[in-house]
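S.K.: The structure follows.
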Amino acid sequence: MTTSIQFIANPAARERGDKADTAFLSPEKAAVVRNYFKSFAEYTPTPLVALPGLSKKLGVSGVYVKDESKRMGLNAFKVLGCGFAIASVIAERLDIDISELTAEILRSEETKKKVGEITFISATDGNHGRGVAWAARQMGQKSVIYMPKGSSLIRLENIQAEGAEASITDMNYDDAVRLAWKQSQEKGWIMVQDTAWKGYEDIPAWIMQGYMTMAFEALEQLAAIKESAPTHVFLQAGVGSYAGGIQGFLATAFGENRPITTVVEPHKANCIYKSAEAGDGKPRFTTGDMDTLMAGLACGEPNIIGWDILRDYADGYISCPDWVAANGMRILGAPMPGDPQVISGESGAVTAGLLHLIMTRPELAHIREQLKIDSDSRVLLISTEGDTDPDIYRDITWFGNHTEKEKETC
Ligand SMILES: Cc1ncc(COP(=O)(O)O)c(C=O)c1O
């Protein structure tokens, strides 16, 4: 059977030359971010789950899954980004260095008196909005969240449960971002958006710094079990803030010895893939409803900071159909004997589904060869969300929705 997985290799990633600056994504900064989160009682590093049974089946040395469903009770990684960005805004207003800010200071009455009433606004598929609402609530501040057309009701309710004024709009993600921006300008609210465009770069850069925590923790966790750094990392992308943040961190931390990285997107929202395919270094957009199963990845306009980093340092770009994510959910949810279970949602599981295909399908041999994945490889995957929509999760894992046979409709 053939699969409709599309792959672009980026050999230029390994060439020297003038490349995007990743200095703001340094291990030192990652330590500052992690220390900030450590000041919260809710913080604990998310598990790095070793899957020796799956590694054996796929013919690699190790598969490690960072399980972000366990992130601060929020079932997804996103609070790392917006939580750190909001902290950075507050540190600026308090005129202190971010390394001095703690949960206690953030939550204090004195801070509230100094910074006054703030409303944070954002547009989101769900996970980012829940993080923004959570962070705003920590400080007794307000949040307003716009969700794109077709967003899941349960994800909306989870944002509302954090105290946000949240609603589902009739527009796609990128238009919802524009609406939130307009509102923020008219009302004097602070927009905490997880993507950057020309003139809006500070907050997204802080968000990308926040996301480094996952790679920082994973390296510590590997070292603790006397395992070396991964040889390969697969990074799923919506706007590419998360992938760009981790990629930038790996480039700064390891230089030329960094792991081989691949950016993974759904066919229906593959703006990073399209940008790579265009080949002129400029970002490209995906438009329309982008009705992919991978709601967290349904973004059509790359973060310009993230794109520059992914363009210059990522080794490959992959666009794939929705059933690959569903396969990943099933693979992680019903593990090989002896392997622990990981509950992974649609946007979290796509890299696991993809790795399985790359390692088992003869027609994808060119991808494993170009990415140099073999029996010595240690692969890191980040399951960026748990079952953030439990009904969809069960439809897929219990009832087998979204299989390869349905590939024509993605
Ligand atoms: C679960 C999940 N994974 C990955 C991503 C992709 O992050 P980014 O939009 O920064 O590429 C998102 C974005 O919302 C998400 O919710």
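Residues are named by chain letter and number: chains run A, B, ... in the order of the structure tokens, numbers start at 1 in each chain, and ligands are numbered from 1 in the order shown.
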So which residues touch A:Lys198 within 10 Å, counting only C-alpha atoms, skipping near sequence neighbours fewer than 4 positions away, as an MDAnalysis selection string?
M.R.: chainID A and resid 303:305
S.K.: Write a file of the selected residues as a PDB file, in the first residue's frame, keeping C-alpha atoms.
M.R.:
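What ended up in out-v3.pdb:
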```pdb
ATOM      1  CA  ASN A 303       5.439  32.380  13.303  1.00  0.00           C
ATOM      2  CA  ILE A 304       8.120  34.430  11.502  1.00  0.00           C
ATOM      3  CA  ILE A 305      10.724  33.863  14.245  1.00  0.00           C
TER       4      ILE A 305
END
```
S.K.: Can you pull out every residue from stretch 22-130 of chain A that DSSP, working from the backbone, puts in strand (DSSP E), and format the result as a PDB file with N, CA and C atoms, in the first residue's frame?
M.R.:
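part-v1.pdb written:
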```pdb
ATOM      1  N   LEU A  48       9.307  11.369  31.263  1.00  0.00           N
ATOM      2  CA  LEU A  48       9.917  10.975  29.988  1.00  0.00           C
ATOM      3  C   LEU A  48       9.767   9.453  29.944  1.00  0.00           C
ATOM      4  N   VAL A  49       8.875   8.991  29.086  1.00  0.00           N
ATOM      5  CA  VAL A  49       8.498   7.576  29.099  1.00  0.00           C
ATOM      6  C   VAL A  49       9.349   6.804  28.086  1.00  0.00           C
ATOM      7  N   ALA A  50      10.094   5.818  28.579  1.00  0.00           N
ATOM      8  CA  ALA A  50      10.889   4.967  27.675  1.00  0.00           C
ATOM      9  C   ALA A  50      10.000   3.842  27.162  1.00  0.00           C
ATOM     10  N   GLY A  62      16.258   3.394  20.943  1.00  0.00           N
ATOM     11  CA  GLY A  62      15.365   3.869  22.001  1.00  0.00           C
ATOM     12  C   GLY A  62      14.292   4.793  21.459  1.00  0.00           C
ATOM     13  N   VAL A  63      13.093   4.703  22.051  1.00  0.00           N
ATOM     14  CA  VAL A  63      12.035   5.687  21.776  1.00  0.00           C
ATOM     15  C   VAL A  63      11.634   6.261  23.131  1.00  0.00           C
ATOM     16  N   TYR A  64      11.694   7.576  23.248  1.00  0.00           N
ATOM     17  CA  TYR A  64      11.343   8.253  24.491  1.00  0.00           C
ATOM     18  C   TYR A  64      10.226   9.249  24.195  1.00  0.00           C
ATOM     19  N   VAL A  65       9.183   9.196  25.019  1.00  0.00           N
ATOM     20  CA  VAL A  65       8.050  10.098  24.810  1.00  0.00           C
ATOM     21  C   VAL A  65       7.896  10.996  26.031  1.00  0.00           C
ATOM     22  N   LYS A  66       8.004  12.285  25.797  1.00  0.00           N
ATOM     23  CA  LYS A  66       7.784  13.246  26.885  1.00  0.00           C
ATOM     24  C   LYS A  66       6.281  13.454  26.979  1.00  0.00           C
ATOM     25  N   ASP A  67       5.717  13.135  28.140  1.00  0.00           N
ATOM     26  CA  ASP A  67       4.256  13.084  28.275  1.00  0.00           C
ATOM     27  C   ASP A  67       3.700  14.391  28.861  1.00  0.00           C
ATOM     28  N   THR A 119      -6.285  42.874  31.352  1.00  0.00           N
ATOM     29  CA  THR A 119      -7.005  41.809  30.642  1.00  0.00           C
ATOM     30  C   THR A 119      -6.063  41.246  29.586  1.00  0.00           C
ATOM     31  N   PHE A 120      -5.884  39.939  29.624  1.00  0.00           N
ATOM     32  CA  PHE A 120      -5.081  39.254  28.609  1.00  0.00           C
ATOM     33  C   PHE A 120      -6.030  38.683  27.558  1.00  0.00           C
ATOM     34  N   ILE A 121      -5.667  38.836  26.293  1.00  0.00           N
ATOM     35  CA  ILE A 121      -6.531  38.329  25.228  1.00  0.00           C
ATOM     36  C   ILE A 121      -5.707  37.443  24.288  1.00  0.00           C
ATOM     37  N   SER A 122      -6.373  36.415  23.751  1.00  0.00           N
ATOM     38  CA  SER A 122      -5.672  35.531  22.820  1.00  0.00           C
ATOM     39  C   SER A 122      -6.660  34.784  21.938  1.00  0.00           C
ATOM     40  N   ALA A 123      -6.159  34.248  20.828  1.00  0.00           N
ATOM     41  CA  ALA A 123      -6.949  33.357  19.969  1.00  0.00           C
ATOM     42  C   ALA A 123      -6.280  31.991  20.011  1.00  0.00           C
TER      43      ALA A 123
END
```
S.K.: From a DSSP pass on the backbone, collect the residues of stretch 64-294 of chain A flagged as helix (DSSP H, G or I) and hand them back as a ChimeraX atom specification.
M.R.: /A:68-70,79-94,98-100,103-107,109-115,127-138,153-160,173-187,202-224,241-257,267-269,271-278
S.K.: Would you list the residues that come within 7 Å of ligand 1? Count only C-alpha atoms and all ligand atoms and give the answer as a PDB file with N, CA and C atoms, in the first residue's frame.
M.R.:
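Saved as part.pdb:
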```pdb
ATOM      1  N   ALA A  76      -1.767  19.559  28.658  1.00  0.00           N
ATOM      2  CA  ALA A  76      -1.027  19.978  27.458  1.00  0.00           C
ATOM      3  C   ALA A  76       0.134  20.883  27.880  1.00  0.00           C
ATOM      4  N   LYS A  78       1.098  23.807  26.710  1.00  0.00           N
ATOM      5  CA  LYS A  78       1.068  25.215  26.287  1.00  0.00           C
ATOM      6  C   LYS A  78       1.309  26.248  27.389  1.00  0.00           C
ATOM      7  N   THR A 124      -7.074  30.932  20.043  1.00  0.00           N
ATOM      8  CA  THR A 124      -6.499  29.618  20.321  1.00  0.00           C
ATOM      9  C   THR A 124      -7.436  28.488  19.948  1.00  0.00           C
ATOM     10  N   ASP A 125      -6.830  27.345  19.606  1.00  0.00           N
ATOM     11  CA  ASP A 125      -7.620  26.133  19.377  1.00  0.00           C
ATOM     12  C   ASP A 125      -8.056  25.518  20.692  1.00  0.00           C
ATOM     13  N   GLY A 126      -7.450  25.907  21.788  1.00  0.00           N
ATOM     14  CA  GLY A 126      -7.833  25.337  23.081  1.00  0.00           C
ATOM     15  C   GLY A 126      -6.710  25.319  24.088  1.00  0.00           C
ATOM     16  N   ASN A 127      -5.624  24.616  23.761  1.00  0.00           N
ATOM     17  CA  ASN A 127      -4.578  24.395  24.763  1.00  0.00           C
ATOM     18  C   ASN A 127      -3.896  25.687  25.205  1.00  0.00           C
ATOM     19  N   HIS A 128      -3.598  26.549  24.241  1.00  0.00           N
ATOM     20  CA  HIS A 128      -2.933  27.820  24.575  1.00  0.00           C
ATOM     21  C   HIS A 128      -3.883  28.684  25.423  1.00  0.00           C
ATOM     22  N   ASP A 194       0.515  33.095  20.592  1.00  0.00           N
ATOM     23  CA  ASP A 194       1.616  32.147  20.428  1.00  0.00           C
ATOM     24  C   ASP A 194       2.166  32.143  19.005  1.00  0.00           C
ATOM     25  N   GLN A 236       6.079  18.347  15.989  1.00  0.00           N
ATOM     26  CA  GLN A 236       4.860  18.703  15.272  1.00  0.00           C
ATOM     27  C   GLN A 236       4.690  20.231  15.272  1.00  0.00           C
ATOM     28  N   ALA A 237       4.100  20.767  14.211  1.00  0.00           N
ATOM     29  CA  ALA A 237       3.998  22.233  14.132  1.00  0.00           C
ATOM     30  C   ALA A 237       2.614  22.710  13.732  1.00  0.00           C
ATOM     31  N   GLY A 238       2.186  23.755  14.435  1.00  0.00           N
ATOM     32  CA  GLY A 238       1.034  24.552  14.018  1.00  0.00           C
ATOM     33  C   GLY A 238       1.614  25.792  13.353  1.00  0.00           C
ATOM     34  N   VAL A 239       1.838  26.850  14.167  1.00  0.00           N
ATOM     35  CA  VAL A 239       2.533  28.035  13.636  1.00  0.00           C
ATOM     36  C   VAL A 239       4.051  27.864  13.698  1.00  0.00           C
ATOM     37  N   GLY A 240       4.507  26.861  14.451  1.00  0.00           N
ATOM     38  CA  GLY A 240       5.947  26.595  14.530  1.00  0.00           C
ATOM     39  C   GLY A 240       6.651  27.289  15.687  1.00  0.00           C
ATOM     40  N   SER A 241       5.890  27.780  16.672  1.00  0.00           N
ATOM     41  CA  SER A 241       6.543  28.387  17.850  1.00  0.00           C
ATOM     42  C   SER A 241       7.189  27.309  18.700  1.00  0.00           C
ATOM     43  N   TYR A 242       6.432  26.252  18.931  1.00  0.00           N
ATOM     44  CA  TYR A 242       6.942  25.143  19.751  1.00  0.00           C
ATOM     45  C   TYR A 242       8.125  24.466  19.045  1.00  0.00           C
ATOM     46  N   ALA A 243       7.940  24.107  17.771  1.00  0.00           N
ATOM     47  CA  ALA A 243       9.025  23.433  17.045  1.00  0.00           C
ATOM     48  C   ALA A 243      10.243  24.350  16.943  1.00  0.00           C
ATOM     49  N   GLY A 296      -4.797  21.350  17.233  1.00  0.00           N
ATOM     50  CA  GLY A 296      -3.708  22.193  17.721  1.00  0.00           C
ATOM     51  C   GLY A 296      -2.739  22.602  16.618  1.00  0.00           C
ATOM     52  N   LEU A 297      -2.770  21.880  15.519  1.00  0.00           N
ATOM     53  CA  LEU A 297      -1.833  22.172  14.429  1.00  0.00           C
ATOM     54  C   LEU A 297      -2.526  22.897  13.277  1.00  0.00           C
ATOM     55  N   CYS A 299      -3.108  25.687  11.905  1.00  0.00           N
ATOM     56  CA  CYS A 299      -2.700  27.093  11.786  1.00  0.00           C
ATOM     57  C   CYS A 299      -2.073  27.265  10.405  1.00  0.00           C
ATOM     58  N   SER A 347      -3.006  16.088  18.330  1.00  0.00           N
ATOM     59  CA  SER A 347      -1.804  16.849  17.955  1.00  0.00           C
ATOM     60  C   SER A 347      -0.569  16.311  18.656  1.00  0.00           C
ATOM     61  N   GLY A 348      -0.785  15.583  19.751  1.00  0.00           N
ATOM     62  CA  GLY A 348       0.352  15.041  20.505  1.00  0.00           C
ATOM     63  C   GLY A 348       0.934  13.794  19.883  1.00  0.00           C
ATOM     64  N   THR A 384       2.476  16.326  23.024  1.00  0.00           N
ATOM     65  CA  THR A 384       2.220  17.681  23.512  1.00  0.00           C
ATOM     66  C   THR A 384       0.860  17.853  24.190  1.00  0.00           C
ATOM     67  N   GLU A 385      -0.020  16.858  24.029  1.00  0.00           N
ATOM     68  CA  GLU A 385      -1.316  16.941  24.732  1.00  0.00           C
ATOM     69  C   GLU A 385      -1.812  15.539  25.063  1.00  0.00           C
TER      70      GLU A 385
END
```
S.K.: Taking only C-alpha atoms into account, which of A:Met208, A:Val144, A:Leu222, A:Met294 comes nearest A:Ile246?
M.R.: A:Met208
S.K.: Applying 9 Å and only C-alpha atoms, which residues near A:Ala298 remain after dropping the ones on its own chain fewer than 2 positions away? List them as a list of chain:residue names.
M.R.: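 Result of the neighbour search: A:Asp125, A:Asn172, A:Tyr173, A:Ala237, A:Gly238, A:Val239, A:Glu265, A:Pro266, A:Lys268, A:Ala269, A:Asn270, A:Asp289, A:Met290, A:Asp291, A:Thr292, A:Leu293, A:Met294, A:Ala295, A:Gly296, A:Gly300.
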S.K.: Between atom CA of A:Asp315 and atom CA of A:Arg258, what is the spacing in Å?
M.R.: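 According to the coordinates, atom CA of A:Arg258 and atom CA of A:Asp315 are separated by 10.6 Å.
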S.K.: Nearest to A:Ala136: which of A:Lys112, A:Lys149, A:Lys274, A:Arg34 is it, counting only C-alpha atoms?
M.R.: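 Closest residue, counting only C-alpha atoms: A:Lys112.
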S.K.: Atom CA of A:Ala314 and atom CA of A:Phe249, how far apart in Å?
M.R.: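 Separation of atom CA of A:Phe249 and atom CA of A:Ala314: 12.0 Å.
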S.K.: Do a neighbour search on A:Met191 at 12 Å with only C-alpha atoms, toss out local chain neighbours closer than 6 positions, and write the hits as a PDB file with N, CA and C atoms, in the first residue's frame.
M.R.:
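Once written, result-v5.pdb looks like this:
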```pdb
ATOM      1  N   CYS A  82       2.836  30.467  27.351  1.00  0.00           N
ATOM      2  CA  CYS A  82       2.098  31.681  27.732  1.00  0.00           C
ATOM      3  C   CYS A  82       2.345  32.026  29.200  1.00  0.00           C
ATOM      4  N   ALA A  85       5.535  33.915  29.205  1.00  0.00           N
ATOM      5  CA  ALA A  85       5.380  35.227  28.558  1.00  0.00           C
ATOM      6  C   ALA A  85       4.655  36.200  29.497  1.00  0.00           C
ATOM      7  N   ILE A  86       3.598  35.710  30.140  1.00  0.00           N
ATOM      8  CA  ILE A  86       2.857  36.586  31.060  1.00  0.00           C
ATOM      9  C   ILE A  86       3.761  36.974  32.236  1.00  0.00           C
ATOM     10  N   VAL A  89       6.000  39.745  31.069  1.00  0.00           N
ATOM     11  CA  VAL A  89       5.285  41.029  31.015  1.00  0.00           C
ATOM     12  C   VAL A  89       5.221  41.637  32.420  1.00  0.00           C
ATOM     13  N   ILE A 118      -5.454  44.064  34.587  1.00  0.00           N
ATOM     14  CA  ILE A 118      -5.003  43.724  33.220  1.00  0.00           C
ATOM     15  C   ILE A 118      -5.979  42.704  32.639  1.00  0.00           C
ATOM     16  N   THR A 119      -6.285  42.874  31.352  1.00  0.00           N
ATOM     17  CA  THR A 119      -7.005  41.809  30.642  1.00  0.00           C
ATOM     18  C   THR A 119      -6.063  41.246  29.586  1.00  0.00           C
ATOM     19  N   PHE A 120      -5.884  39.939  29.624  1.00  0.00           N
ATOM     20  CA  PHE A 120      -5.081  39.254  28.609  1.00  0.00           C
ATOM     21  C   PHE A 120      -6.030  38.683  27.558  1.00  0.00           C
ATOM     22  N   ILE A 121      -5.667  38.836  26.293  1.00  0.00           N
ATOM     23  CA  ILE A 121      -6.531  38.329  25.228  1.00  0.00           C
ATOM     24  C   ILE A 121      -5.707  37.443  24.288  1.00  0.00           C
ATOM     25  N   SER A 122      -6.373  36.415  23.751  1.00  0.00           N
ATOM     26  CA  SER A 122      -5.672  35.531  22.820  1.00  0.00           C
ATOM     27  C   SER A 122      -6.660  34.784  21.938  1.00  0.00           C
ATOM     28  N   ALA A 123      -6.159  34.248  20.828  1.00  0.00           N
ATOM     29  CA  ALA A 123      -6.949  33.357  19.969  1.00  0.00           C
ATOM     30  C   ALA A 123      -6.280  31.991  20.011  1.00  0.00           C
ATOM     31  N   THR A 124      -7.074  30.932  20.043  1.00  0.00           N
ATOM     32  CA  THR A 124      -6.499  29.618  20.321  1.00  0.00           C
ATOM     33  C   THR A 124      -7.436  28.488  19.948  1.00  0.00           C
ATOM     34  N   GLY A 129      -5.157  28.713  25.029  1.00  0.00           N
ATOM     35  CA  GLY A 129      -6.137  29.533  25.751  1.00  0.00           C
ATOM     36  C   GLY A 129      -6.313  29.077  27.191  1.00  0.00           C
ATOM     37  N   VAL A 132      -3.371  30.454  29.025  1.00  0.00           N
ATOM     38  CA  VAL A 132      -3.481  31.910  29.257  1.00  0.00           C
ATOM     39  C   VAL A 132      -4.476  32.160  30.401  1.00  0.00           C
ATOM     40  N   LYS A 142      -7.986  39.228  34.385  1.00  0.00           N
ATOM     41  CA  LYS A 142      -9.001  38.699  33.460  1.00  0.00           C
ATOM     42  C   LYS A 142      -8.364  38.156  32.183  1.00  0.00           C
ATOM     43  N   SER A 143      -9.113  37.276  31.514  1.00  0.00           N
ATOM     44  CA  SER A 143      -8.665  36.830  30.190  1.00  0.00           C
ATOM     45  C   SER A 143      -9.867  36.688  29.260  1.00  0.00           C
ATOM     46  N   VAL A 144      -9.612  36.995  27.990  1.00  0.00           N
ATOM     47  CA  VAL A 144     -10.632  36.863  26.940  1.00  0.00           C
ATOM     48  C   VAL A 144     -10.029  35.975  25.846  1.00  0.00           C
ATOM     49  N   ILE A 145     -10.748  34.927  25.473  1.00  0.00           N
ATOM     50  CA  ILE A 145     -10.198  33.949  24.531  1.00  0.00           C
ATOM     51  C   ILE A 145     -11.158  33.734  23.357  1.00  0.00           C
ATOM     52  N   TYR A 146     -10.641  33.861  22.135  1.00  0.00           N
ATOM     53  CA  TYR A 146     -11.420  33.548  20.924  1.00  0.00           C
ATOM     54  C   TYR A 146     -10.933  32.221  20.344  1.00  0.00           C
ATOM     55  N   VAL A 177      -6.978  35.296  15.293  1.00  0.00           N
ATOM     56  CA  VAL A 177      -5.810  36.030  15.817  1.00  0.00           C
ATOM     57  C   VAL A 177      -5.948  37.515  15.467  1.00  0.00           C
ATOM     58  N   ARG A 178      -6.356  37.804  14.218  1.00  0.00           N
ATOM     59  CA  ARG A 178      -6.493  39.219  13.799  1.00  0.00           C
ATOM     60  C   ARG A 178      -7.582  39.922  14.616  1.00  0.00           C
ATOM     61  N   LEU A 179      -8.671  39.198  14.892  1.00  0.00           N
ATOM     62  CA  LEU A 179      -9.750  39.782  15.696  1.00  0.00           C
ATOM     63  C   LEU A 179      -9.255  40.109  17.117  1.00  0.00           C
ATOM     64  N   ALA A 180      -8.518  39.163  17.686  1.00  0.00           N
ATOM     65  CA  ALA A 180      -7.997  39.380  19.042  1.00  0.00           C
ATOM     66  C   ALA A 180      -7.045  40.584  19.061  1.00  0.00           C
ATOM     67  N   TRP A 181      -6.247  40.699  18.015  1.00  0.00           N
ATOM     68  CA  TRP A 181      -5.296  41.824  17.932  1.00  0.00           C
ATOM     69  C   TRP A 181      -6.048  43.151  17.887  1.00  0.00           C
ATOM     70  N   LYS A 182      -7.102  43.199  17.062  1.00  0.00           N
ATOM     71  CA  LYS A 182      -7.893  44.420  16.913  1.00  0.00           C
ATOM     72  C   LYS A 182      -8.501  44.813  18.274  1.00  0.00           C
ATOM     73  N   GLN A 183      -9.061  43.825  18.943  1.00  0.00           N
ATOM     74  CA  GLN A 183      -9.663  44.075  20.267  1.00  0.00           C
ATOM     75  C   GLN A 183      -8.620  44.599  21.246  1.00  0.00           C
ATOM     76  N   SER A 184      -7.433  43.979  21.216  1.00  0.00           N
ATOM     77  CA  SER A 184      -6.396  44.385  22.170  1.00  0.00           C
ATOM     78  C   SER A 184      -5.999  45.842  21.925  1.00  0.00           C
ATOM     79  N   GLN A 185      -5.948  46.236  20.644  1.00  0.00           N
ATOM     80  CA  GLN A 185      -5.570  47.612  20.316  1.00  0.00           C
ATOM     81  C   GLN A 185      -6.655  48.594  20.737  1.00  0.00           C
ATOM     82  N   TYR A 200       5.261  42.323  16.209  1.00  0.00           N
ATOM     83  CA  TYR A 200       4.755  41.623  17.397  1.00  0.00           C
ATOM     84  C   TYR A 200       5.675  40.432  17.653  1.00  0.00           C
ATOM     85  N   GLU A 201       6.762  40.720  18.377  1.00  0.00           N
ATOM     86  CA  GLU A 201       7.788  39.684  18.506  1.00  0.00           C
ATOM     87  C   GLU A 201       8.208  39.363  19.947  1.00  0.00           C
ATOM     88  N   ASP A 202       8.045  40.311  20.880  1.00  0.00           N
ATOM     89  CA  ASP A 202       8.541  40.061  22.248  1.00  0.00           C
ATOM     90  C   ASP A 202       7.809  38.901  22.908  1.00  0.00           C
ATOM     91  N   ILE A 203       6.476  38.988  22.900  1.00  0.00           N
ATOM     92  CA  ILE A 203       5.690  37.956  23.602  1.00  0.00           C
ATOM     93  C   ILE A 203       5.896  36.579  22.966  1.00  0.00           C
ATOM     94  N   PRO A 204       5.820  36.452  21.627  1.00  0.00           N
ATOM     95  CA  PRO A 204       6.087  35.130  21.057  1.00  0.00           C
ATOM     96  C   PRO A 204       7.503  34.609  21.337  1.00  0.00           C
TER      97      PRO A 204
END
```
S.K.: Pick the closest to A:Gln247 from A:Ser108, A:Ser99, A:Thr22, A:Ser69: which is it, counting only C-alpha atoms?
M.R.: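 Using only C-alpha atoms, the shortest distance to A:Gln247 belongs to A:Thr22.
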S.K.: Could you tell me which of A:Gly199, A:Met147, A:Ala334, A:Pro390 comes closest to A:Gly53 if we count only C-alpha atoms?
M.R.: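 Closest to A:Gly53 of all the choices is A:Ala334.
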S.K.: For each of A:Ala133, A:Met139, A:Ile272, A:Ile367, take the minimum atom-to-atom distance to A:Asp308, counting only C-alpha atoms, then give the residue where this is smallest.
M.R.: A:Ile272
S.K.: List the neighbours of A:Val115 out to 9 Å using only C-alpha atoms; skip same-chain residues closer than 2 positions along the sequence, and give me the result as JSON, numbers by chain.
M.R.: {"A": [90, 93, 94, 110, 111, 112, 113, 117, 118]}
